[in-house]
Structures are given as C-alpha cells and as structure tokens.
Amino acid sequence: LITLAGQSAVIAHIDFKSRSQVGRYGVKVDAIDQLGAGAIRAAIDHNPIVIIDEIGKMELFSSQFQSAVLKAVSSSKVVLATAMLDNHPWLLALKSLPQVTVWEVNKPNRTRLVEQVLAWLPPQT
C-alpha cells in the first residue's frame, strides 16, 4: 500500500500468518487500518478530491477502511475510487448508494473513459 503522501506498507505476503487470507497471502489488517484508512481520513480533511485505488478483497478485511470509504462518499468531497468487480455485499451496497456513479473499466473503453471522468469532475478553483 502506497499513499499519495509517499507512505508505504506491505499489507500482504505469503509469509504473513493471518486469519485474513487472500489465496496464499496473509493480510496485515492493522496496516490497512492505520495507513489505508488513515490516508482516506486525511484526504477528507485536507484535499478537495479523495482518491482511493483500490477497494479490493484485502482492503475489505478492514472495518476501519470501510468506515473511511463511507465517510468519504458521504462527505462533500469528490471521491474517485477504483473497486474490484465482485459481488461482495459491502461493495454492492456502496455501489448502490445514490451519490455513487459507477463506470466499468474494460479494454475497449479505458482510453475514452479518461475524458468521461474528467468531464464528471467539478471544476477546481
């Protein structure tokens, strides 16, 4: 995990022993709690746009990360996030919120999607 402020932590490794597993990888949920959720909370407090890349299986082990994401999308800030394409119940609920716009990124649309997202963003002063 690397924040836009340059902080980093290894959140998963085959040598990590953890109850939270994705395949062979043990996940350090406390690192996601501290660095991932902390970066989102700091972005809400200090930035006009909150960028989250990505909301994936490993990040969803962290209730603090989930809370920070919900706080971001419920705030007045613009949130630009990527999320796995999965039927995870929490992620489906997030995507169904009225303030959330979802675009699927695929090979045919990924280039023109940049223009669509830029047009969607409000002008910054």
# chains A, B, ... in the order shown; residues from 1 in each chain; ligands from 1

call {"tool": "select_by_dssp", "arguments": {"residues": "chain A", "states": "alpha helix (DSSP H)", "output": "PyMOL selection string"}}
result
chain A and resi 29-31+38-46+63-74+89-95+110-120

call {"tool": "closest_atom_pairs", "arguments": {"of": "segment 1-52 of chain A", "to": "segment 81-105 of chain A", "cutoff": "8 Å", "atoms": "only C-alpha atoms", "output": "JSON lines"}}
result
{"residue": "A:Val50", "atom": "CA", "partner": "A:Ala81", "partner_atom": "CA", "distance": 8.0}
{"residue": "A:Ile51", "atom": "CA", "partner": "A:Ala81", "partner_atom": "CA", "distance": 5.6}
{"residue": "A:Ile52", "atom": "CA", "partner": "A:Ala81", "partner_atom": "CA", "distance": 4.5}

call {"tool": "closest_residue", "arguments": {"among": "A:Ser20, A:Ser8, A:Thr3, A:Thr111", "to": "Ser62 of chain A", "atoms": "only C-alpha atoms"}}
result
A:Ser20

call {"tool": "residues_around", "arguments": {"residues": "segment 32-41 of chain A", "least_positions_apart": "3", "cutoff": "9 Å", "atoms": "only C-alpha atoms", "output": "PyMOL selection string"}}
result
chain A and resi 1-5+7-9+11+27-29+44-46+50-52+58-59+61-69+71-72

call {"tool": "atom_distance", "arguments": {"atom1": "atom CA of Ile49 of chain A", "atom2": "atom CA of Val73 of chain A"}}
result
10.7 Å

call {"tool": "select_by_dssp", "arguments": {"residues": "chain A", "states": "strand (DSSP E or B)", "output": "VMD selection string"}}
result
chain A and resid 2 8 12 to 13 21 to 22 25 to 27 49 to 55 78 to 83

call {"tool": "closest_residue", "arguments": {"among": "A:Val114, A:Gln124, A:Arg24, A:Ile14", "to": "Asn47 of chain A", "atoms": "only C-alpha atoms"}}
result
A:Gln124

call {"tool": "closest_residue", "arguments": {"among": "A:His13, A:Lys77, A:Arg19, A:Lys57", "to": "Pro122 of chain A", "atoms": "only C-alpha atoms"}}
result
A:Lys77
